[in-house]
>>> print(open('query-v6.txt').read())   # compact mmCIF, C-alpha atoms
# COMPACT_ATOMS: atom_id res chain seq x y z
CA MET A 422 -55.81 46.15 -38.61
CA THR A 423 -58.17 46.26 -35.66
CA LEU A 424 -55.43 44.97 -33.35
CA LEU A 425 -53.16 47.93 -34.01
CA GLY A 426 -56.10 50.24 -33.33
CA ASP A 427 -56.69 48.44 -30.03
CA VAL A 428 -53.03 48.77 -29.13
CA VAL A 429 -53.04 52.50 -29.90
CA ARG A 430 -56.18 52.87 -27.74
CA TRP A 431 -54.45 50.86 -24.99
CA PHE A 432 -51.54 53.28 -24.97
CA ALA A 433 -53.90 56.29 -25.08
CA ASP A 434 -56.00 55.08 -22.13
CA PRO A 435 -55.09 57.18 -19.05
CA ALA A 436 -56.06 54.24 -16.80
CA HIS A 437 -52.86 52.51 -17.89
CA TYR A 438 -50.75 55.25 -16.34
CA GLN A 439 -52.25 55.04 -12.86
CA GLY A 440 -51.93 52.69 -9.91
CA SER A 441 -49.65 49.73 -9.38
CA ASP A 442 -50.08 48.46 -12.95
CA ALA A 443 -49.08 51.78 -14.53
CA VAL A 444 -46.75 51.68 -17.51
CA GLN A 445 -44.16 53.91 -15.83
CA THR A 446 -44.23 51.73 -12.68
CA ARG A 447 -43.69 48.58 -14.75
CA ILE A 448 -40.80 50.19 -16.63
CA TYR A 449 -39.26 51.30 -13.34
CA GLU A 450 -39.59 47.79 -11.83
CA HIS A 451 -38.14 46.25 -14.96
CA LEU A 452 -35.14 48.59 -15.03
CA ALA A 453 -34.58 48.40 -11.27
CA VAL A 454 -34.29 44.61 -11.10
CA SER A 455 -32.22 44.57 -14.31
CA GLY A 456 -29.87 47.29 -13.09
CA LEU A 457 -29.34 45.61 -9.73
CA ALA A 458 -28.66 42.27 -11.41
CA VAL A 459 -26.10 43.83 -13.77
CA LEU A 460 -24.43 45.53 -10.80
CA ALA A 461 -24.30 42.26 -8.89
CA GLY A 462 -22.90 40.54 -11.97
CA LEU A 463 -20.25 43.26 -12.29
CA VAL A 464 -19.21 42.95 -8.65
CA ILE A 465 -18.80 39.18 -9.05
CA ALA A 466 -17.44 38.83 -12.58
CA LEU A 467 -15.37 41.93 -13.31
CA PRO A 468 -12.64 41.46 -10.66
CA ILE A 469 -12.33 37.76 -11.52
CA GLY A 470 -12.18 38.40 -15.26
CA LEU A 471 -9.65 41.23 -14.94
CA TYR A 472 -7.47 39.26 -12.52
CA LEU A 473 -7.49 36.11 -14.66
CA GLY A 474 -6.76 38.21 -17.74
CA HIS A 475 -3.85 39.94 -16.00
CA THR A 476 -2.29 36.70 -14.79
CA GLY A 477 -3.36 34.64 -17.81
CA ARG A 478 -4.42 31.81 -15.56
CA PHE A 479 -7.47 29.56 -16.03
CA GLY A 480 -7.91 30.90 -19.56
CA PHE A 481 -9.82 27.86 -20.76
CA ILE A 482 -12.41 28.24 -18.01
CA ALA A 483 -12.67 32.02 -18.42
CA VAL A 484 -13.34 31.72 -22.14
CA ASN A 485 -15.76 28.80 -21.89
CA VAL A 486 -17.84 30.24 -19.09
CA ALA A 487 -19.68 32.30 -21.72
CA ASN A 488 -20.63 29.19 -23.65
CA ILE A 489 -21.90 27.51 -20.51
CA GLY A 490 -23.92 30.62 -19.70
CA ARG A 491 -25.57 30.44 -23.09
CA ALA A 492 -26.74 26.90 -22.42
CA ILE A 493 -28.63 27.88 -19.25
CA PRO A 494 -32.28 28.11 -20.32
CA SER A 495 -33.64 31.41 -18.98
CA LEU A 496 -36.94 29.78 -18.11
CA ALA A 497 -35.09 27.21 -15.99
CA ALA A 498 -33.07 29.93 -14.24
CA ILE A 499 -36.29 31.71 -13.23
CA ALA A 500 -38.03 28.50 -12.16
CA LEU A 501 -35.12 27.18 -10.12
CA ALA A 502 -34.53 30.56 -8.46
CA ILE A 503 -37.76 30.07 -6.51
CA PRO A 504 -36.50 27.34 -4.16
CA VAL A 505 -33.13 29.10 -4.03
CA ALA A 506 -34.72 32.42 -3.04
CA ALA A 507 -36.94 30.67 -0.49
CA THR A 508 -33.87 29.06 1.10
CA LEU A 509 -31.61 32.12 1.00
CA VAL A 510 -33.94 34.97 1.94
CA GLY A 511 -36.88 33.19 3.57
CA VAL A 512 -40.00 31.49 2.25
CA GLN A 513 -42.03 34.73 2.29
CA ASN A 514 -39.56 36.10 -0.29
CA GLY A 515 -39.77 33.00 -2.48
CA LEU A 516 -41.80 34.93 -5.07
CA GLY A 517 -41.53 38.32 -6.73
CA PHE A 518 -38.37 40.38 -6.66
CA TRP A 519 -35.89 37.94 -5.10
CA PRO A 520 -36.18 34.93 -7.43
CA THR A 521 -36.16 37.29 -10.44
CA PHE A 522 -33.07 39.09 -9.17
CA LEU A 523 -31.24 35.86 -8.26
CA ALA A 524 -32.09 34.22 -11.59
CA LEU A 525 -30.68 37.16 -13.54
CA ILE A 526 -27.26 37.24 -11.86
CA PRO A 527 -25.94 33.99 -13.40
CA LEU A 528 -26.91 35.39 -16.80
CA ALA A 529 -24.84 38.53 -16.20
CA VAL A 530 -21.67 36.80 -15.07
CA PRO A 531 -20.57 34.85 -18.20
CA PRO A 532 -20.36 37.66 -20.79
CA ILE A 533 -18.78 40.12 -18.33
CA LEU A 534 -16.19 37.61 -17.13
CA THR A 535 -15.27 36.30 -20.55
CA ASN A 536 -14.98 39.73 -22.15
CA ALA A 537 -12.93 41.12 -19.25
CA TYR A 538 -10.56 38.17 -19.62
CA VAL A 539 -10.35 38.36 -23.41
CA GLY A 540 -9.95 42.14 -23.36
CA VAL A 541 -7.09 42.20 -20.86
CA ARG A 542 -5.41 39.17 -22.47
CA GLY A 543 -5.54 40.91 -25.84
CA VAL A 544 -3.42 43.86 -24.69
CA ASP A 545 -0.10 43.95 -26.51
CA ARG A 546 2.58 42.22 -24.38
CA ASP A 547 5.16 44.87 -25.38
CA VAL A 548 3.01 47.64 -23.88
CA ILE A 549 2.82 45.75 -20.58
CA GLU A 550 6.59 45.10 -20.60
CA ALA A 551 7.17 48.81 -21.18
CA ALA A 552 4.86 49.72 -18.28
CA ARG A 553 6.68 47.25 -16.02
CA GLY A 554 10.01 48.70 -17.13
CA MET A 555 8.75 52.17 -16.23
CA GLY A 556 8.22 50.93 -12.69
CA LEU A 557 4.45 50.45 -12.55
CA SER A 558 3.22 47.97 -9.95
CA GLU A 559 1.13 44.99 -11.07
CA GLY A 560 -2.01 46.76 -9.84
CA GLY A 561 -0.89 49.92 -11.64
CA ILE A 562 -0.41 47.99 -14.88
CA LEU A 563 -3.91 46.56 -14.61
CA ARG A 564 -5.54 49.90 -13.70
CA ARG A 565 -3.61 52.31 -15.88
CA VAL A 566 -2.57 50.24 -18.90
CA GLU A 567 -4.56 47.06 -19.35
CA LEU A 568 -7.99 48.32 -18.29
CA PRO A 569 -8.06 51.42 -20.55
CA LEU A 570 -6.84 49.39 -23.52
CA ALA A 571 -9.29 46.58 -22.82
CA LEU A 572 -12.19 48.96 -22.20
CA PRO A 573 -14.02 48.49 -25.53
CA VAL A 574 -14.14 44.71 -25.07
CA VAL A 575 -15.00 44.95 -21.37
CA LEU A 576 -17.86 47.39 -22.06
CA ALA A 577 -19.15 45.21 -24.91
CA GLY A 578 -19.41 42.34 -22.41
CA ILE A 579 -21.39 44.51 -20.00
CA ARG A 580 -23.68 45.55 -22.84
CA THR A 581 -24.32 41.92 -23.82
CA ALA A 582 -25.11 41.12 -20.17
CA ALA A 583 -27.41 44.14 -19.78
CA VAL A 584 -29.41 43.41 -22.94
CA ASN A 585 -29.73 39.73 -21.98
CA ILE A 586 -30.91 40.66 -18.53
CA VAL A 587 -33.48 43.21 -19.65
CA ALA A 588 -34.82 40.51 -21.99
CA THR A 589 -34.95 37.82 -19.33
CA ALA A 590 -36.40 40.08 -16.61
CA THR A 591 -39.60 39.78 -18.68
CA LEU A 592 -39.92 36.21 -17.39
CA GLY A 593 -39.98 37.53 -13.82
CA ALA A 594 -43.72 37.99 -14.26
CA LEU A 595 -44.02 34.19 -14.11
CA VAL A 596 -42.84 34.23 -10.50
CA ALA A 597 -45.18 37.06 -9.48
CA PHE A 598 -42.70 39.86 -10.11
CA GLY A 599 -43.83 43.06 -11.84
CA GLY A 600 -41.95 44.58 -14.70
CA LEU A 601 -43.15 44.76 -18.29
CA GLY A 602 -43.46 40.98 -18.51
CA ARG A 603 -46.61 41.42 -16.37
CA TYR A 604 -48.51 42.72 -19.42
CA ILE A 605 -47.35 39.80 -21.56
CA VAL A 606 -48.06 37.08 -19.01
CA ASP A 607 -51.42 38.60 -18.00
CA GLY A 608 -52.28 39.30 -21.62
CA LEU A 609 -51.60 35.65 -22.46
CA ALA A 610 -53.60 34.40 -19.47
CA LEU A 611 -56.60 36.68 -20.09
CA GLN A 612 -56.32 36.46 -23.90
CA GLU A 613 -56.24 40.26 -24.04
CA TYR A 614 -54.23 40.77 -27.17
CA ASP A 615 -54.04 44.57 -26.90
CA ARG A 616 -52.34 44.31 -23.50
CA LEU A 617 -50.13 41.45 -24.72
CA PHE A 618 -49.06 43.34 -27.82
CA ALA A 619 -48.51 46.63 -25.95
CA GLY A 620 -46.37 44.85 -23.34
CA ALA A 621 -44.33 43.08 -26.00
CA LEU A 622 -43.80 46.37 -27.80
CA LEU A 623 -42.64 48.08 -24.61
CA VAL A 624 -40.22 45.23 -23.77
CA ALA A 625 -38.80 45.21 -27.28
CA LEU A 626 -38.32 48.98 -27.28
CA LEU A 627 -36.74 48.91 -23.82
CA ALA A 628 -34.24 46.23 -24.89
CA ILE A 629 -33.34 48.17 -28.04
CA ALA A 630 -33.05 51.39 -25.99
CA VAL A 631 -30.65 49.69 -23.56
CA GLU A 632 -28.56 48.36 -26.46
CA VAL A 633 -28.40 51.79 -28.10
CA ALA A 634 -27.69 53.58 -24.80
CA PHE A 635 -24.79 51.27 -24.00
CA GLY A 636 -23.46 51.61 -27.54
CA THR A 637 -23.50 55.40 -27.25
CA PHE A 638 -21.86 55.25 -23.83
CA GLU A 639 -19.14 52.95 -25.17
CA ARG A 640 -18.30 55.32 -28.00
CA ALA A 641 -18.12 58.22 -25.54
CA ALA A 642 -16.06 56.35 -22.95
CA VAL A 643 -13.52 54.74 -25.21
CA SER A 644 -10.50 56.60 -26.52
CA PRO A 645 -10.85 57.09 -30.28
CA GLY A 646 -7.36 55.68 -30.78
CA ILE A 647 -8.33 52.21 -29.63
CA ARG A 648 -11.85 51.94 -30.95
CA VAL A 649 -12.46 48.31 -31.81
CA GLN A 650 -15.80 46.62 -32.22
CA GLN A 651 -15.54 43.26 -30.63
CA ARG A 652 -17.87 41.01 -28.73
CA ALA A 653 -17.02 37.63 -27.31
CA PHE A 654 -20.19 36.25 -28.85
CA MET B 1047 -42.93 24.38 -2.83
CA THR B 1048 -44.78 21.88 -0.71
CA PRO B 1049 -43.14 21.67 2.73
CA GLY B 1050 -41.44 18.39 3.51
CA GLU B 1051 -41.11 17.51 -0.16
CA PRO B 1052 -37.58 16.44 -1.18
CA LEU B 1053 -35.83 18.48 -3.87
CA ILE B 1054 -35.88 15.56 -6.29
CA ARG B 1055 -38.32 12.65 -6.15
CA TRP B 1056 -36.60 9.85 -8.01
CA ASP B 1057 -39.74 7.70 -8.06
CA TRP B 1058 -41.48 10.44 -10.10
CA ILE B 1059 -38.54 10.54 -12.52
CA ALA B 1060 -38.62 6.75 -12.93
CA THR B 1061 -42.29 6.78 -13.89
CA HIS B 1062 -42.00 9.62 -16.39
CA LEU B 1063 -39.27 8.40 -18.72
CA ASP B 1064 -41.78 8.10 -21.59
CA GLU B 1065 -42.70 11.74 -21.20
CA PHE B 1066 -39.02 12.74 -21.20
CA ALA B 1067 -38.52 10.88 -24.47
CA PHE B 1068 -41.55 12.60 -26.00
CA ARG B 1069 -40.34 16.06 -24.87
CA LEU B 1070 -36.86 15.25 -26.19
CA GLY B 1071 -38.35 14.61 -29.64
CA GLU B 1072 -40.27 17.89 -29.47
CA HIS B 1073 -37.21 19.83 -28.32
CA VAL B 1074 -34.99 18.38 -31.04
CA GLU B 1075 -37.62 19.00 -33.71
CA LEU B 1076 -38.07 22.67 -32.73
CA THR B 1077 -34.29 23.16 -32.63
CA VAL B 1078 -33.47 21.39 -35.91
CA ILE B 1079 -36.15 23.28 -37.85
CA ALA B 1080 -35.02 26.61 -36.36
CA VAL B 1081 -31.30 26.12 -37.01
CA GLY B 1082 -31.90 24.54 -40.44
CA VAL B 1083 -34.21 27.27 -41.71
CA GLY B 1084 -32.07 29.93 -40.03
CA PHE B 1085 -28.97 28.60 -41.74
CA ALA B 1086 -30.64 28.54 -45.16
CA ILE B 1087 -31.78 32.16 -44.79
CA ALA B 1088 -28.45 33.32 -43.32
CA PHE B 1089 -26.56 31.58 -46.12
CA ALA B 1090 -28.64 33.25 -48.82
CA LEU B 1091 -28.25 36.64 -47.13
CA SER B 1092 -24.50 36.12 -46.82
CA LEU B 1093 -24.22 35.51 -50.56
CA VAL B 1094 -26.14 38.74 -51.15
CA ILE B 1095 -23.80 40.63 -48.81
CA LEU B 1096 -20.66 39.16 -50.37
CA ARG B 1097 -21.86 40.19 -53.80
CA ALA B 1098 -23.19 43.61 -52.73
CA PRO B 1099 -21.29 44.77 -49.63
CA ARG B 1100 -23.58 47.81 -49.37
CA ALA B 1101 -26.35 45.48 -48.22
CA GLU B 1102 -24.37 44.47 -45.14
CA GLY B 1103 -25.39 47.48 -43.00
CA PRO B 1104 -29.16 47.17 -43.44
CA ILE B 1105 -29.21 43.35 -43.26
CA THR B 1106 -27.14 43.14 -40.06
CA ALA B 1107 -29.19 45.99 -38.55
CA VAL B 1108 -32.40 43.99 -39.05
CA ALA B 1109 -30.82 40.76 -37.80
CA GLY B 1110 -29.33 42.62 -34.83
CA THR B 1111 -32.69 44.13 -33.90
CA LEU B 1112 -34.34 40.70 -34.08
CA TYR B 1113 -31.58 39.38 -31.84
CA THR B 1114 -32.10 42.18 -29.30
CA ILE B 1115 -35.88 41.80 -28.96
CA PRO B 1116 -36.59 39.55 -25.95
CA SER B 1117 -37.86 36.12 -27.00
CA LEU B 1118 -41.07 36.29 -25.00
CA ALA B 1119 -41.85 39.71 -26.50
CA LEU B 1120 -41.25 38.47 -30.03
CA PHE B 1121 -43.52 35.46 -29.49
CA ALA B 1122 -46.14 37.75 -27.95
CA LEU B 1123 -46.01 40.11 -30.94
CA LEU B 1124 -46.65 37.16 -33.27
CA ILE B 1125 -49.46 35.48 -31.33
CA PRO B 1126 -52.28 37.77 -32.56
CA TYR B 1127 -51.31 36.79 -36.12
CA THR B 1128 -50.08 33.20 -35.98
CA GLY B 1129 -51.61 31.99 -32.69
CA PHE B 1130 -50.26 29.40 -30.27
CA THR B 1131 -48.63 27.38 -33.04
CA ILE B 1132 -45.28 25.88 -33.92
CA LEU B 1133 -45.09 28.58 -36.61
CA THR B 1134 -45.00 31.34 -33.98
CA ALA B 1135 -42.26 29.50 -32.12
CA GLU B 1136 -40.21 28.89 -35.26
CA ILE B 1137 -40.44 32.48 -36.57
CA GLY B 1138 -39.00 33.65 -33.25
CA LEU B 1139 -36.36 30.93 -32.99
CA VAL B 1140 -35.23 31.37 -36.60
CA GLY B 1141 -35.00 35.13 -36.03
CA TYR B 1142 -32.53 34.61 -33.21
CA THR B 1143 -30.18 32.38 -35.21
CA LEU B 1144 -29.80 34.82 -38.11
CA LEU B 1145 -27.33 37.31 -36.64
CA ILE B 1146 -24.97 34.66 -35.26
CA LEU B 1147 -24.99 32.54 -38.43
CA LEU B 1148 -24.74 35.52 -40.77
CA ARG B 1149 -21.77 36.92 -38.90
CA ASN B 1150 -19.87 33.63 -38.93
CA ILE B 1151 -20.57 32.74 -42.55
CA ILE B 1152 -19.34 36.16 -43.72
CA ARG B 1153 -16.36 36.18 -41.35
CA GLY B 1154 -15.42 32.67 -42.51
CA ILE B 1155 -15.55 33.46 -46.21
CA ARG B 1156 -13.81 36.83 -45.84
CA GLY B 1157 -11.11 35.11 -43.77
CA VAL B 1158 -9.99 33.02 -46.72
CA PRO B 1159 -6.50 34.32 -47.61
CA ALA B 1160 -6.39 36.46 -50.75
CA ASP B 1161 -3.45 34.37 -52.04
CA VAL B 1162 -5.61 31.26 -52.08
CA ARG B 1163 -8.34 33.07 -53.98
CA GLU B 1164 -5.86 34.44 -56.50
CA ALA B 1165 -4.29 31.03 -56.99
CA ALA B 1166 -7.77 29.65 -57.76
CA VAL B 1167 -8.43 32.45 -60.26
CA GLY B 1168 -5.04 31.75 -61.84
CA MET B 1169 -5.92 28.07 -62.14
CA GLY B 1170 -9.02 29.02 -64.09
CA TYR B 1171 -11.71 28.56 -61.45
CA ALA B 1172 -15.02 30.28 -62.18
CA PRO B 1173 -16.46 32.48 -59.38
CA ARG B 1174 -19.07 29.83 -58.55
CA GLN B 1175 -16.37 27.15 -58.31
CA ILE B 1176 -14.26 29.40 -56.09
CA LEU B 1177 -17.20 29.80 -53.71
CA TRP B 1178 -18.16 26.11 -53.50
CA GLN B 1179 -14.76 24.42 -53.87
CA ILE B 1180 -12.35 26.89 -52.25
CA GLU B 1181 -14.03 29.46 -50.00
CA LEU B 1182 -16.75 27.39 -48.34
CA PRO B 1183 -14.53 24.43 -47.39
CA LEU B 1184 -11.94 26.81 -45.92
CA ALA B 1185 -14.64 28.79 -44.11
CA LEU B 1186 -16.23 25.65 -42.71
CA ALA B 1187 -14.53 25.78 -39.30
CA VAL B 1188 -15.81 29.32 -38.63
CA ILE B 1189 -19.25 28.49 -40.03
CA ILE B 1190 -19.58 25.45 -37.78
CA ALA B 1191 -18.44 27.55 -34.81
CA GLY B 1192 -21.44 29.79 -35.60
CA LEU B 1193 -23.73 26.76 -35.88
CA ARG B 1194 -22.59 25.62 -32.43
CA ILE B 1195 -23.48 28.97 -30.83
CA ALA B 1196 -26.80 29.13 -32.70
CA THR B 1197 -27.72 25.55 -31.74
CA VAL B 1198 -26.86 25.95 -28.06
CA SER B 1199 -28.75 29.27 -27.83
CA THR B 1200 -31.76 27.82 -29.65
CA ILE B 1201 -31.96 24.81 -27.33
CA GLY B 1202 -32.11 27.25 -24.39
CA LEU B 1203 -34.69 29.46 -26.10
CA VAL B 1204 -36.94 26.52 -27.00
CA THR B 1205 -37.80 26.24 -23.29
CA VAL B 1206 -39.41 29.70 -23.45
CA THR B 1207 -41.78 28.51 -26.18
CA ALA B 1208 -43.52 26.47 -23.47
CA LEU B 1209 -45.37 29.71 -22.73
CA ILE B 1210 -46.96 29.59 -26.17
CA GLY B 1211 -47.87 25.93 -25.95
CA GLN B 1212 -44.71 24.36 -27.45
CA GLY B 1213 -41.56 24.00 -25.43
CA GLY B 1214 -39.98 20.51 -25.36
CA PHE B 1215 -38.25 20.25 -22.01
CA GLY B 1216 -39.50 23.77 -21.25
CA PHE B 1217 -42.95 22.21 -20.89
CA LEU B 1218 -41.67 20.28 -17.86
CA ILE B 1219 -40.21 23.45 -16.33
CA LEU B 1220 -43.47 25.35 -16.84
CA THR B 1221 -45.81 22.62 -15.56
CA GLY B 1222 -43.48 22.17 -12.59
CA MET B 1223 -43.94 25.86 -11.83
CA GLN B 1224 -47.69 25.61 -12.24
CA ARG B 1225 -47.92 22.59 -9.91
CA SER B 1226 -47.03 24.88 -6.98
CA PHE B 1227 -43.34 24.70 -7.83
CA PHE B 1228 -42.80 20.96 -8.03
CA THR B 1229 -38.99 21.07 -7.99
CA THR B 1230 -38.47 17.54 -9.37
CA GLU B 1231 -40.17 18.38 -12.65
CA MET B 1232 -38.52 21.82 -12.95
CA ILE B 1233 -35.04 20.41 -12.31
CA ALA B 1234 -35.65 17.52 -14.70
CA GLY B 1235 -36.62 19.95 -17.47
CA ALA B 1236 -33.64 22.22 -16.80
CA VAL B 1237 -31.06 19.42 -16.55
CA LEU B 1238 -32.33 17.67 -19.68
CA SER B 1239 -32.28 20.92 -21.63
CA VAL B 1240 -28.69 21.71 -20.60
CA ALA B 1241 -27.67 18.10 -21.30
CA LEU B 1242 -29.19 18.31 -24.77
CA ALA B 1243 -27.28 21.55 -25.43
CA ILE B 1244 -23.98 19.95 -24.37
CA ALA B 1245 -24.66 16.84 -26.46
CA ALA B 1246 -25.56 18.88 -29.54
CA ASP B 1247 -22.45 21.02 -29.10
CA GLY B 1248 -20.31 17.89 -28.85
CA LEU B 1249 -21.86 16.41 -31.99
CA LEU B 1250 -21.10 19.59 -33.93
CA VAL B 1251 -17.49 19.54 -32.73
CA LEU B 1252 -17.19 15.96 -34.03
CA LEU B 1253 -18.79 17.00 -37.31
CA GLN B 1254 -16.32 19.84 -37.66
CA ARG B 1255 -13.31 17.53 -37.02
CA ARG B 1256 -14.67 15.12 -39.61
CA LEU B 1257 -15.27 17.78 -42.25
CA THR B 1258 -12.08 19.80 -41.73
CA PRO B 1259 -9.37 17.28 -40.91
CA TRP B 1260 -6.66 19.81 -41.86
CA THR B 1261 -7.47 22.06 -38.87
CA ARG B 1262 -6.50 19.27 -36.47
CA ALA B 1263 -2.84 19.36 -37.39
CA ALA B 1264 -2.59 23.07 -36.59
>>> encode(input="query-v6.txt", output="structure tokens")
Amino acid sequence: MTLLGDVVRWFADPAHYQGSDAVQTRIYEHLAVSGLAVLAGLVIALPIGLYLGHTGRFGFIAVNVANIGRAIPSLAAIALAIPVAATLVGVQNGLGFWPTFLALIPLAVPPILTNAYVGVRGVDRDVIEAARGMGLSEGGILRRVELPLALPVVLAGIRTAAVNIVATATLGALVAFGGLGRYIVDGLALQEYDRLFAGALLVALLAIAVEVAFGTFERAAVSPGIRVQQRAF
Amino acid sequence: MTPGEPLIRWDWIATHLDEFAFRLGEHVELTVIAVGVGFAIAFALSLVILRAPRAEGPITAVAGTLYTIPSLALFALLIPYTGFTILTAEIGLVGYTLLILLRNIIRGIRGVPADVREAAVGMGYAPRQILWQIELPLALAVIIAGLRIATVSTIGLVTVTALIGQGGFGFLILTGMQRSFFTTEMIAGAVLSVALAIAADGLLVLLQRRLTPWTRAA
């Protein structure tokens, strides 16, 4: 396979580790925009999901928001974020980081919100009654009883969001952002298959690494007594 | 964006209805092939897993990895081998449906109550008859739930295949971006794609009600 040889040479070339197009820079950009988008998604979706789960209100909406999120084409989210970014943060920011960041947030919200709701709703009613009987406040019940018990499901939602976002951040290269998608988009445009293939390999490995890292974190963070594998898919 | 241009130019929409119809056909074709082939493969793999449960770990690991790899990366990895063709698009799209379909087919069949299975054995059903006449009909609701998720996800992913020269409504989104962000065309592509996903989901719900009338009473 001459292509694989080219790809190996591409990775071995020191020129690809220098300057603004360096591999480590692209990985950093990719992770930075993804991390910020997941954080923004958490800030928006987690309180809403936990609150709705605690009160049990608007369940239909909370559960179906994930299905709606799945229907949003990622390409459309990136494309439509351009006019949105230009309006919100000024025309000079209409390309690059801002549209990528803004496009990723709506992809983070649905899985986090739905899983937070489903997780808290799934806590045994008897346990909550007992906590209330012991004199815990509503906030105390949510923080000290519901959240720890719902943690596996909540974390699974964050993992789904993070993996989705790392995947979609690749498309940021279409709106002049950096990240690893740069190699794919430039490789396609210039018909340089070694760059294209190397970029695709890096993106795939990064997504798998994020999935594995979150999985490991989940196992470490969750009490062994309540370990359940569940994802509001 | 060109300054002074309205967000949506309805006159442009009115003159491009033929193109929308053409892209609709493309989008539906890419989706139907992907979900159809994906279902056939997932069904065969499910039968393997049900017969040999040891195969479940490796098979779901492969399907899970395929599901994790970003779509654009998967297409890019295939391009040196299969080029800018519908085959590249379909290999990627089929790959994404596998995990969802596999999970739901297995969960559906395993969810059939043991009593029902035993009753069938007692009535003299052969294993093949149990699968086709007892387990699959009872698993249908869960299987169709998987088909709904796979179809809606695939319709969204088809837009990404615009980057490798396919794309359906994604083609409109991409050309809109290339024409210095012509919002009318981008919005048209996005709205039509979401509308198609909602319509397909609705059709599958109707299909499920038709095929499993007993679930309606519950």
>>> residues_near_point(input="query-v6.txt", point="(-13.4, 32.3, -17.7)", cutoff="10 Å", atoms="only C-alpha atoms", output="JSON list (two decimals) with C-alpha atoms, keeping the file's coordinate frame")
[["chain", "number", "residue", "atom", "x", "y", "z"],
["A", 466, "ALA", "CA", -17.44, 38.83, -12.58],
["A", 469, "ILE", "CA", -12.33, 37.76, -11.52],
["A", 470, "GLY", "CA", -12.18, 38.40, -15.26],
["A", 473, "LEU", "CA", -7.49, 36.11, -14.66],
["A", 474, "GLY", "CA", -6.76, 38.21, -17.74],
["A", 478, "ARG", "CA", -4.42, 31.81, -15.56],
["A", 479, "PHE", "CA", -7.47, 29.56, -16.03],
["A", 480, "GLY", "CA", -7.91, 30.90, -19.56],
["A", 481, "PHE", "CA", -9.82, 27.86, -20.76],
["A", 482, "ILE", "CA", -12.41, 28.24, -18.01],
["A", 483, "ALA", "CA", -12.67, 32.02, -18.42],
["A", 484, "VAL", "CA", -13.34, 31.72, -22.14],
["A", 485, "ASN", "CA", -15.76, 28.80, -21.89],
["A", 486, "VAL", "CA", -17.84, 30.24, -19.09],
["A", 487, "ALA", "CA", -19.68, 32.30, -21.72],
["A", 488, "ASN", "CA", -20.63, 29.19, -23.65],
["A", 530, "VAL", "CA", -21.67, 36.80, -15.07],
["A", 531, "PRO", "CA", -20.57, 34.85, -18.20],
["A", 532, "PRO", "CA", -20.36, 37.66, -20.79],
["A", 533, "ILE", "CA", -18.78, 40.12, -18.33],
["A", 534, "LEU", "CA", -16.19, 37.61, -17.13],
["A", 535, "THR", "CA", -15.27, 36.30, -20.55],
["A", 536, "ASN", "CA", -14.98, 39.73, -22.15],
["A", 537, "ALA", "CA", -12.93, 41.12, -19.25],
["A", 538, "TYR", "CA", -10.56, 38.17, -19.62],
["A", 539, "VAL", "CA", -10.35, 38.36, -23.41]]
>>> interface_residues(input="query-v6.txt", of="chain A", to="chain B", cutoff="8 Å", atoms="all atoms listed in the file", output="number ranges by chain")
A: 424, 488, 491-497, 500-501, 503-504, 584-585, 587-589, 591-592, 605, 614, 617-618, 620-622, 624-626, 628-629, 632
>>> write_last_selection(input="query-v6.txt", atoms="C-alpha atoms", output="CSV table (one decimal), in the coordinates of the input")
chain,number,residue,atom,x,y,z
A,424,LEU,CA,-55.4,45.0,-33.4
A,488,ASN,CA,-20.6,29.2,-23.6
A,491,ARG,CA,-25.6,30.4,-23.1
A,492,ALA,CA,-26.7,26.9,-22.4
A,493,ILE,CA,-28.6,27.9,-19.2
A,494,PRO,CA,-32.3,28.1,-20.3
A,495,SER,CA,-33.6,31.4,-19.0
A,496,LEU,CA,-36.9,29.8,-18.1
A,497,ALA,CA,-35.1,27.2,-16.0
A,500,ALA,CA,-38.0,28.5,-12.2
A,501,LEU,CA,-35.1,27.2,-10.1
A,503,ILE,CA,-37.8,30.1,-6.5
A,504,PRO,CA,-36.5,27.3,-4.2
A,584,VAL,CA,-29.4,43.4,-22.9
A,585,ASN,CA,-29.7,39.7,-22.0
A,587,VAL,CA,-33.5,43.2,-19.6
A,588,ALA,CA,-34.8,40.5,-22.0
A,589,THR,CA,-35.0,37.8,-19.3
A,591,THR,CA,-39.6,39.8,-18.7
A,592,LEU,CA,-39.9,36.2,-17.4
A,605,ILE,CA,-47.4,39.8,-21.6
A,614,TYR,CA,-54.2,40.8,-27.2
A,617,LEU,CA,-50.1,41.4,-24.7
A,618,PHE,CA,-49.1,43.3,-27.8
A,620,GLY,CA,-46.4,44.8,-23.3
A,621,ALA,CA,-44.3,43.1,-26.0
A,622,LEU,CA,-43.8,46.4,-27.8
A,624,VAL,CA,-40.2,45.2,-23.8
A,625,ALA,CA,-38.8,45.2,-27.3
A,626,LEU,CA,-38.3,49.0,-27.3
A,628,ALA,CA,-34.2,46.2,-24.9
A,629,ILE,CA,-33.3,48.2,-28.0
A,632,GLU,CA,-28.6,48.4,-26.5
>>> atom_distance(input="query-v6.txt", atom1="CA of Ile1105 (chain B)", atom2="CA of Ala1080 (chain B)")
19.0 Å
>>> atom_distance(input="query-v6.txt", atom1="CA of Gly560 (chain A)", atom2="CA of Arg542 (chain A)")
15.1 Å
>>> closest_residue(input="query-v6.txt", among="A:Phe635, A:Phe598, A:Phe432, A:Phe522", to="Ala577 (chain A)", atoms="only C-alpha atoms")
A:Phe635
>>> atom_distance(input="query-v6.txt", atom1="CA of Gly517 (chain A)", atom2="CA of Leu609 (chain A)")
18.9 Å
>>> closest_residue(input="query-v6.txt", among="B:Asp1057, B:Thr1106, B:Ala1191, B:Leu1070", to="Leu1148 (chain B)", atoms="all atoms listed in the file")
B:Thr1106
